[in-house]
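Here's protein-v3.cif, which has mmCIF, C-alpha atoms:
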```cif
data_target
#
loop_
_atom_site.label_atom_id
_atom_site.label_comp_id
_atom_site.auth_asym_id
_atom_site.auth_seq_id
_atom_site.Cartn_x
_atom_site.Cartn_y
_atom_site.Cartn_z
CA MET H 1 73.62 -35.88 -56.15
CA ASN H 2 73.35 -37.55 -59.53
CA THR H 3 69.92 -38.37 -60.84
CA GLN H 4 69.09 -40.49 -63.79
CA LYS H 5 65.91 -40.64 -65.83
CA VAL H 6 64.61 -44.17 -66.02
CA LYS H 7 61.93 -45.30 -68.43
CA THR H 8 59.30 -47.34 -66.67
CA SER H 9 56.48 -49.33 -68.17
CA LYS H 10 52.99 -47.91 -67.70
CA ASN H 11 51.18 -49.35 -64.73
CA ILE H 12 48.30 -48.27 -62.53
CA GLU H 13 50.49 -47.27 -59.57
CA ALA H 14 52.62 -44.99 -61.76
CA THR H 15 49.44 -43.38 -63.10
CA ALA H 16 48.10 -42.96 -59.55
CA TRP H 17 51.42 -41.39 -58.52
CA ARG H 18 51.19 -38.82 -61.35
CA PHE H 19 47.50 -38.24 -60.68
CA MET H 20 48.20 -37.29 -57.05
CA ARG H 21 50.72 -34.65 -58.11
CA LEU H 22 48.76 -33.18 -61.01
CA SER H 23 45.37 -33.20 -59.24
CA GLY H 24 47.09 -31.74 -56.18
CA ILE H 25 48.38 -28.79 -58.20
CA LEU H 26 44.88 -28.26 -59.67
CA LEU H 27 43.33 -28.45 -56.20
CA ILE H 28 45.37 -25.53 -54.91
CA PRO H 29 43.30 -22.93 -56.81
CA LEU H 30 40.06 -24.96 -56.57
CA ALA H 31 40.09 -25.91 -52.88
CA TRP H 32 41.80 -22.76 -51.59
CA PHE H 33 39.42 -20.45 -53.44
CA HIS H 34 36.42 -22.46 -52.17
CA VAL H 35 37.62 -22.31 -48.55
CA LEU H 36 38.63 -18.64 -48.80
CA LEU H 37 35.25 -17.65 -50.27
CA GLN H 38 32.88 -19.74 -48.14
CA ASP H 39 34.71 -19.84 -44.80
CA VAL H 40 36.52 -16.51 -44.70
CA VAL H 41 34.88 -13.98 -47.07
CA VAL H 42 31.24 -15.14 -46.79
CA GLY H 43 31.44 -17.01 -43.48
CA VAL H 44 29.39 -19.95 -42.29
CA HIS H 45 26.90 -17.67 -40.48
CA GLU H 46 25.75 -16.14 -43.77
CA ILE H 47 25.06 -19.52 -45.40
CA ASP H 48 21.57 -21.03 -45.61
CA ILE H 49 19.65 -23.07 -48.18
CA ASP H 50 18.63 -19.93 -50.12
CA TYR H 51 22.29 -18.98 -50.48
CA VAL H 52 23.09 -22.49 -51.78
CA ALA H 53 20.09 -22.35 -54.16
CA VAL H 54 21.31 -19.09 -55.74
CA ARG H 55 24.84 -20.44 -55.98
CA LEU H 56 23.84 -23.76 -57.58
CA ALA H 57 21.51 -22.00 -60.05
CA ASN H 58 24.68 -20.63 -61.66
CA VAL H 59 26.22 -22.98 -64.22
CA GLY H 60 29.70 -21.55 -63.61
CA TRP H 61 29.53 -22.50 -59.93
CA GLN H 62 28.08 -25.89 -60.84
CA ILE H 63 31.10 -26.59 -63.06
CA PHE H 64 33.43 -25.33 -60.31
CA ASP H 65 31.76 -27.55 -57.71
CA ILE H 66 31.78 -30.63 -59.95
CA LEU H 67 35.50 -30.15 -60.64
CA LEU H 68 36.19 -29.70 -56.93
CA LEU H 69 34.06 -32.72 -56.00
CA THR H 70 35.70 -34.94 -58.62
CA PHE H 71 39.34 -34.04 -58.05
CA ALA H 72 39.32 -33.40 -54.29
CA PHE H 73 37.46 -36.58 -53.44
CA ALA H 74 39.40 -38.78 -55.88
CA HIS H 75 42.67 -37.33 -54.53
CA GLY H 76 41.54 -37.93 -50.95
CA MET H 77 40.31 -41.47 -51.48
CA ASN H 78 43.46 -42.48 -53.36
CA GLY H 79 45.49 -40.94 -50.55
CA LEU H 80 43.50 -43.01 -48.07
CA ARG H 81 44.21 -46.11 -50.17
CA GLN H 82 47.93 -45.39 -49.87
CA VAL H 83 47.65 -44.96 -46.09
CA VAL H 84 45.67 -48.22 -45.88
CA ASN H 85 48.45 -49.97 -47.83
CA ASP H 86 50.86 -49.01 -45.05
CA PHE H 87 48.74 -50.95 -42.59
CA VAL H 88 47.45 -53.85 -44.72
CA HIS H 89 50.38 -55.91 -45.93
CA THR H 90 48.85 -58.72 -47.95
CA GLU H 91 48.10 -58.22 -51.63
CA LYS H 92 44.66 -59.73 -51.19
CA GLY H 93 43.83 -57.39 -48.31
CA GLN H 94 45.07 -54.35 -50.23
CA ARG H 95 42.98 -55.33 -53.22
CA ARG H 96 39.85 -55.75 -51.09
CA MET H 97 40.37 -52.38 -49.43
CA ALA H 98 40.94 -50.71 -52.81
CA TRP H 99 37.62 -52.07 -54.08
CA LEU H 100 35.82 -51.00 -50.92
CA LEU H 101 37.23 -47.47 -51.21
CA LEU H 102 36.31 -47.37 -54.91
CA VAL H 103 32.70 -48.29 -54.14
CA ILE H 104 32.46 -45.68 -51.34
CA TRP H 105 34.01 -43.12 -53.68
CA LEU H 106 31.50 -43.85 -56.45
CA ILE H 107 28.45 -43.73 -54.14
CA VAL H 108 29.39 -40.52 -52.31
CA SER H 109 30.51 -38.85 -55.57
CA ALA H 110 27.18 -39.74 -57.20
CA ILE H 111 25.23 -38.31 -54.24
CA GLY H 112 27.24 -35.08 -54.40
CA ALA H 113 27.03 -34.77 -58.17
CA VAL H 114 23.23 -35.22 -58.20
CA ALA H 115 22.88 -32.42 -55.63
CA VAL H 116 25.19 -30.06 -57.54
CA ILE H 117 23.45 -30.72 -60.87
CA ALA H 118 19.87 -30.77 -59.57
CA GLY H 119 20.42 -27.81 -57.22
CA ALA H 120 18.81 -26.89 -53.90
CA ARG H 121 15.06 -27.13 -53.21
CA PRO H 122 14.47 -24.36 -50.64
CA GLU H 123 10.70 -24.55 -51.29
CA LEU H 124 10.71 -27.94 -49.51
CA ALA H 125 12.73 -26.77 -46.52
CA MET F 1 48.40 -61.48 -31.71
CA THR F 2 46.55 -61.83 -34.97
CA PRO F 3 48.45 -60.90 -38.16
CA ILE F 4 46.26 -57.80 -38.60
CA LEU F 5 47.13 -56.47 -35.14
CA THR F 6 50.79 -57.26 -35.67
CA SER F 7 50.97 -55.33 -38.93
CA LEU F 8 48.98 -52.48 -37.38
CA ARG F 9 51.43 -52.29 -34.51
CA THR F 10 54.46 -52.56 -36.78
CA THR F 11 53.25 -49.66 -38.94
CA LEU F 12 52.14 -47.44 -36.06
CA THR F 13 55.36 -47.88 -34.10
CA GLY F 14 57.25 -47.23 -37.35
CA TYR F 15 55.27 -44.01 -37.85
CA LEU F 16 56.13 -42.86 -34.33
CA ARG F 17 59.69 -44.12 -33.88
CA TYR F 18 61.25 -43.22 -37.22
CA ARG F 19 63.75 -40.46 -36.44
CA GLY F 20 64.00 -38.48 -39.63
CA ARG F 21 63.39 -35.16 -37.88
CA GLU F 22 61.98 -32.65 -40.40
CA GLY F 23 61.25 -35.28 -43.05
CA HIS F 24 59.50 -37.44 -40.46
CA TYR F 25 57.35 -34.58 -39.12
CA SER F 26 56.56 -33.49 -42.67
CA PHE F 27 55.40 -37.01 -43.57
CA LEU F 28 53.23 -37.27 -40.45
CA MET F 29 51.73 -33.80 -40.94
CA HIS F 30 50.97 -34.46 -44.61
CA ARG F 31 49.16 -37.66 -43.67
CA LEU F 32 47.25 -36.17 -40.73
CA THR F 33 46.18 -33.02 -42.61
CA GLY F 34 45.17 -35.14 -45.62
CA LEU F 35 43.14 -37.64 -43.59
CA GLY F 36 41.52 -34.86 -41.56
CA THR F 37 40.54 -32.98 -44.71
CA LEU F 38 39.17 -36.17 -46.28
CA LEU F 39 37.07 -36.94 -43.20
CA PHE F 40 35.61 -33.45 -43.33
CA LEU F 41 35.13 -33.68 -47.10
CA ILE F 42 33.00 -36.84 -46.87
CA ILE F 43 30.77 -35.29 -44.20
CA HIS F 44 30.62 -32.03 -46.16
CA ILE F 45 29.58 -33.69 -49.46
CA LEU F 46 26.79 -35.58 -47.68
CA ASP F 47 25.49 -32.66 -45.59
CA THR F 48 25.51 -30.31 -48.60
CA ALA F 49 23.66 -32.93 -50.66
CA THR F 50 20.72 -32.55 -48.25
CA VAL F 51 19.86 -29.29 -50.07
CA TYR F 52 18.45 -31.53 -52.80
CA PHE F 53 17.63 -34.83 -51.06
CA PHE F 54 16.34 -33.65 -47.64
CA PRO F 55 16.07 -29.83 -47.78
CA SER F 56 14.54 -29.60 -44.30
CA LEU F 57 17.70 -31.11 -42.75
CA TYR F 58 20.11 -28.56 -44.22
CA GLU F 59 19.45 -25.85 -41.64
CA HIS F 60 20.30 -28.30 -38.85
CA ALA F 61 23.60 -29.16 -40.54
CA ILE F 62 24.46 -25.48 -40.97
CA ALA F 63 23.47 -24.72 -37.36
CA LEU F 64 25.99 -27.35 -36.27
CA TYR F 65 28.74 -25.77 -38.40
CA GLN F 66 27.96 -22.40 -36.77
CA SER F 67 28.49 -23.76 -33.25
CA THR F 68 31.71 -22.88 -31.41
CA PRO F 69 33.27 -26.39 -31.36
CA PHE F 70 32.71 -26.82 -35.11
CA MET F 71 33.98 -23.31 -35.90
CA LEU F 72 37.18 -24.07 -33.97
CA GLY F 73 37.42 -27.30 -35.98
CA GLU F 74 36.93 -25.33 -39.20
CA ILE F 75 39.77 -22.98 -38.24
CA GLY F 76 41.95 -26.07 -37.81
CA LEU F 77 40.65 -27.45 -41.10
CA VAL F 78 41.75 -24.28 -42.89
CA PHE F 79 45.28 -24.84 -41.58
CA ALA F 80 45.13 -28.46 -42.78
CA VAL F 81 44.02 -27.41 -46.28
CA ILE F 82 46.70 -24.68 -46.53
CA TYR F 83 49.53 -26.87 -45.16
CA HIS F 84 48.60 -29.90 -47.27
CA GLY F 85 48.52 -27.66 -50.36
CA VAL F 86 51.84 -25.89 -49.74
CA ASN F 87 53.59 -29.13 -48.80
CA GLY F 88 51.97 -31.03 -51.68
CA LEU F 89 53.12 -28.34 -54.12
CA ARG F 90 56.65 -28.66 -52.74
CA ILE F 91 56.56 -32.43 -53.23
CA SER F 92 55.06 -32.14 -56.73
CA VAL F 93 57.59 -29.60 -57.98
CA LEU F 94 60.49 -31.65 -56.62
CA ASP F 95 59.18 -34.95 -57.98
CA LEU F 96 58.19 -33.66 -61.40
CA ARG F 97 60.80 -30.97 -62.09
CA LEU F 98 63.66 -30.95 -59.57
CA PRO F 99 64.34 -34.53 -58.41
CA GLU F 100 68.01 -33.66 -57.81
CA LYS F 101 66.88 -31.39 -54.92
CA TRP F 102 65.62 -34.39 -52.91
CA THR F 103 68.53 -34.28 -50.47
CA ILE F 104 68.28 -34.24 -46.70
CA ALA F 105 70.04 -30.88 -46.48
CA THR F 106 67.68 -29.04 -48.88
CA GLN F 107 64.64 -30.83 -47.47
CA ARG F 108 65.24 -29.72 -43.88
CA GLY F 109 65.11 -26.09 -44.99
CA GLY F 110 62.17 -26.78 -47.32
CA VAL F 111 60.11 -28.38 -44.57
CA ARG F 112 60.71 -25.43 -42.22
CA MET F 113 59.84 -22.93 -44.96
CA THR F 114 56.65 -24.87 -45.74
CA PHE F 115 55.55 -24.74 -42.12
CA ILE F 116 56.33 -21.03 -41.73
CA LEU F 117 54.66 -20.08 -45.03
CA SER F 118 51.54 -22.13 -44.21
CA THR F 119 51.26 -20.56 -40.78
CA LEU F 120 51.63 -17.04 -42.20
CA MET F 121 48.87 -17.75 -44.75
CA TRP F 122 46.64 -19.31 -42.09
CA LEU F 123 46.85 -16.56 -39.44
CA PRO F 124 44.82 -13.88 -41.31
CA ALA F 125 42.14 -16.45 -42.26
CA ALA F 126 42.03 -17.75 -38.68
CA GLY F 127 41.72 -14.18 -37.41
CA VAL F 128 38.71 -13.43 -39.62
CA MET F 129 37.04 -16.74 -38.68
CA MET F 130 37.69 -16.15 -34.98
CA TYR F 131 36.25 -12.62 -35.29
CA ASN F 132 33.11 -14.03 -36.95
CA MET F 133 32.76 -16.66 -34.24
CA LEU F 134 33.10 -14.15 -31.38
CA GLN F 135 30.70 -11.76 -33.11
CA HIS F 136 27.94 -14.27 -33.91
CA ASN F 137 28.27 -16.71 -30.99
CA TYR F 138 29.29 -14.36 -28.17
CA GLY F 139 27.80 -10.98 -29.19
CA MET F 140 31.20 -9.28 -29.35
CA PHE F 141 32.13 -6.47 -31.80
CA GLY F 142 28.48 -5.31 -31.89
CA GLY F 143 27.23 -8.75 -33.01
#
```
Take the structure in the file and give it back as structure tokens.
Amino acid sequence: MNTQKVKTSKNIEATAWRFMRLSGILLIPLAWFHVLLQDVVVGVHEIDIDYVAVRLANVGWQIFDILLLTFAFAHGMNGLRQVVNDFVHTEKGQRRMAWLLLVIWLIVSAIGAVAVIAGARPELA
Amino acid sequence: MTPILTSLRTTLTGYLRYRGREGHYSFLMHRLTGLGTLLFLIIHILDTATVYFFPSLYEHAIALYQSTPFMLGEIGLVFAVIYHGVNGLRISVLDLRLPEKWTIATQRGGVRMTFILSTLMWLPAAGVMMYNMLQHNYGMFGG
């Protein structure tokens, strides 16, 4: 099969297309290591708020968790936007859904980021 | 029917009826594993955030994750995360570096390899998680 490189003008969909591939590659070490460590090596039965407090007191884990939160959730919400575009066929509807998903993304990301940065409060549990 | 229902039906029947064999199943599995992981991710961000916002609620959330139905769901989630990653890497490498390999013949083999590789990576993780579940929830293996 012959393929040809075509120069395209920069637009938001082309950037989103690249973002999905590059963030996806980055998420392989980030998400897989997180799942392997917490679900398989440590296990959900060993996790409590004291465990989370120790983990989030470590700046290295905070950076790891912020990266994971940012890239995994952005990748997921943009993926959802693409699925929504398969079902919503008008430009107006697609635009509305994109804004809705953006707002949800910002709110949930902010909630998660505050918790990662501020850390756990086991003394209040 | 309203336009929304019509477009919903058009897309859903298209999803189900398209007969692209491996490529079709690969597309559906990538979507399902992605949406499933995203659903879990949203719940997981919010329940973990309780460690700061409502610390007394966190133990209830964790207790739920330790229950048998949730642990079975987590074992499925691990497959979703592995499969979506392996398949996504395949798509990324082809799109960014090897676009000439996007042919039906190479893709059929690639899709099968992706499924086999993901399953082989998942089985040991699923075994450990199943062992933990039987030990903690059913008192097996001296638990």
Which polymer residues have any atom within 12 Å of an atom of Gln38 in chain H, counting only C-alpha atoms, with same-chain residues fewer than 2 positions away left out, as a ChimeraX atom specification? /H:31-36,40-48,51-52,55 /F:74,78,125,129
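Put simply, CA of Ile66 in chain H is 20.0 Å away from CA of Phe54 in chain F.
For the pair CA of Val108 in chain H and CA of Thr68 in chain F, the separation is 27.4 Å.
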Chain H contacts on chain F, all atoms listed in the file, 8 Å, as a ChimeraX atom specification: /F:4,7-8,11,31,34-35,38,41-42,45-46,48-59,62,65-66,78,81-82,85,88-89,91-92,99-100,103,125,128-129,132,136
Using only C-alpha atoms, which residues sit within 9 Å of range 14-27 of chain F once same-chain residues fewer than 5 positions away are excluded, as a PyMOL selection string? chain F and resi 9+32+87+104+107-109+111-112+115
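Proximity of F:Leu77, F:Gly139, F:Leu5, F:Met71 to Leu39 in chain F, computed with only C-alpha atoms, is greatest for F:Leu77.
In terms of minimum interatomic distance to Tyr138 in chain F, F:Ser67 ranks closest within F:Gly110, F:Ser67, F:Thr6, F:Leu117, counting all atoms listed in the file.
Between CA of Leu123 in chain F and CA of Leu94 in chain F there is a distance of 26.6 Å.
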Of the candidates F:Pro69, F:His84, F:Thr119, F:Ala63, which one gets nearest to Leu28 in chain F if we count only C-alpha atoms? F:His84
Extract range 74-85 of chain H from the structure I just pasted (atoms: all heavy atoms) and return it as a short mmCIF file (atom, residue, chain, number, x, y, z; two decimals), in the first residue's frame.
```cif
data_model
loop_
_atom_site.label_atom_id
_atom_site.label_comp_id
_atom_site.auth_asym_id
_atom_site.auth_seq_id
_atom_site.Cartn_x
_atom_site.Cartn_y
_atom_site.Cartn_z
N ALA H 74 -7.97 13.42 31.46
CA ALA H 74 -8.11 14.18 30.21
C ALA H 74 -8.27 13.22 29.02
O ALA H 74 -9.11 13.43 28.14
CB ALA H 74 -6.91 15.09 30.01
N HIS H 75 -7.46 12.15 29.01
CA HIS H 75 -7.55 11.15 27.95
C HIS H 75 -8.94 10.50 27.94
O HIS H 75 -9.55 10.34 26.88
CB HIS H 75 -6.45 10.09 28.21
CG HIS H 75 -6.34 9.02 27.18
ND1 HIS H 75 -5.38 9.04 26.19
CD2 HIS H 75 -7.02 7.87 27.01
CE1 HIS H 75 -5.50 7.95 25.45
NE2 HIS H 75 -6.49 7.21 25.92
N GLY H 76 -9.43 10.17 29.13
CA GLY H 76 -10.74 9.52 29.22
C GLY H 76 -11.87 10.43 28.80
O GLY H 76 -12.78 10.02 28.08
N MET H 77 -11.83 11.69 29.25
CA MET H 77 -12.93 12.59 28.92
C MET H 77 -12.91 12.97 27.45
O MET H 77 -13.97 13.12 26.82
CB MET H 77 -12.88 13.85 29.81
CG MET H 77 -13.26 13.58 31.25
SD MET H 77 -14.91 12.84 31.44
CE MET H 77 -15.89 14.30 31.76
N ASN H 78 -11.73 13.10 26.86
CA ASN H 78 -11.69 13.37 25.41
C ASN H 78 -12.16 12.14 24.63
O ASN H 78 -12.83 12.29 23.60
CB ASN H 78 -10.29 13.79 24.97
CG ASN H 78 -10.29 14.26 23.53
OD1 ASN H 78 -11.05 15.15 23.16
ND2 ASN H 78 -9.47 13.64 22.70
N GLY H 79 -11.84 10.96 25.15
CA GLY H 79 -12.35 9.74 24.52
C GLY H 79 -13.86 9.69 24.58
O GLY H 79 -14.53 9.36 23.60
N LEU H 80 -14.42 10.07 25.72
CA LEU H 80 -15.88 10.11 25.87
C LEU H 80 -16.48 11.12 24.89
O LEU H 80 -17.53 10.87 24.29
CB LEU H 80 -16.25 10.46 27.31
CG LEU H 80 -17.74 10.59 27.62
CD1 LEU H 80 -18.50 9.32 27.26
CD2 LEU H 80 -17.96 10.94 29.09
N ARG H 81 -15.80 12.25 24.71
CA ARG H 81 -16.28 13.26 23.76
C ARG H 81 -16.36 12.65 22.35
O ARG H 81 -17.32 12.89 21.60
CB ARG H 81 -15.33 14.46 23.77
CG ARG H 81 -15.77 15.63 22.92
CD ARG H 81 -14.76 16.76 22.97
NE ARG H 81 -13.49 16.41 22.36
CZ ARG H 81 -13.21 16.52 21.05
NH1 ARG H 81 -14.12 17.02 20.23
NH2 ARG H 81 -12.05 16.16 20.58
N GLN H 82 -15.36 11.85 22.00
CA GLN H 82 -15.38 11.23 20.67
C GLN H 82 -16.50 10.21 20.54
O GLN H 82 -17.13 10.10 19.49
CB GLN H 82 -14.02 10.58 20.38
CG GLN H 82 -12.95 11.64 20.16
CD GLN H 82 -11.56 11.04 20.06
OE1 GLN H 82 -11.36 9.85 20.22
NE2 GLN H 82 -10.59 11.89 19.81
N VAL H 83 -16.76 9.47 21.62
CA VAL H 83 -17.88 8.51 21.59
C VAL H 83 -19.20 9.28 21.46
O VAL H 83 -20.06 8.91 20.65
CB VAL H 83 -17.88 7.62 22.85
CG1 VAL H 83 -19.10 6.72 22.86
CG2 VAL H 83 -16.62 6.78 22.92
N VAL H 84 -19.33 10.36 22.23
CA VAL H 84 -20.55 11.18 22.17
C VAL H 84 -20.77 11.69 20.75
O VAL H 84 -21.90 11.69 20.24
CB VAL H 84 -20.45 12.36 23.18
CG1 VAL H 84 -21.50 13.42 22.88
CG2 VAL H 84 -20.62 11.85 24.61
N ASN H 85 -19.69 12.09 20.08
CA ASN H 85 -19.81 12.60 18.71
C ASN H 85 -20.33 11.56 17.73
O ASN H 85 -20.85 11.90 16.67
CB ASN H 85 -18.47 13.15 18.21
CG ASN H 85 -18.15 14.49 18.84
OD1 ASN H 85 -18.99 15.08 19.53
ND2 ASN H 85 -16.95 14.98 18.62
#
```
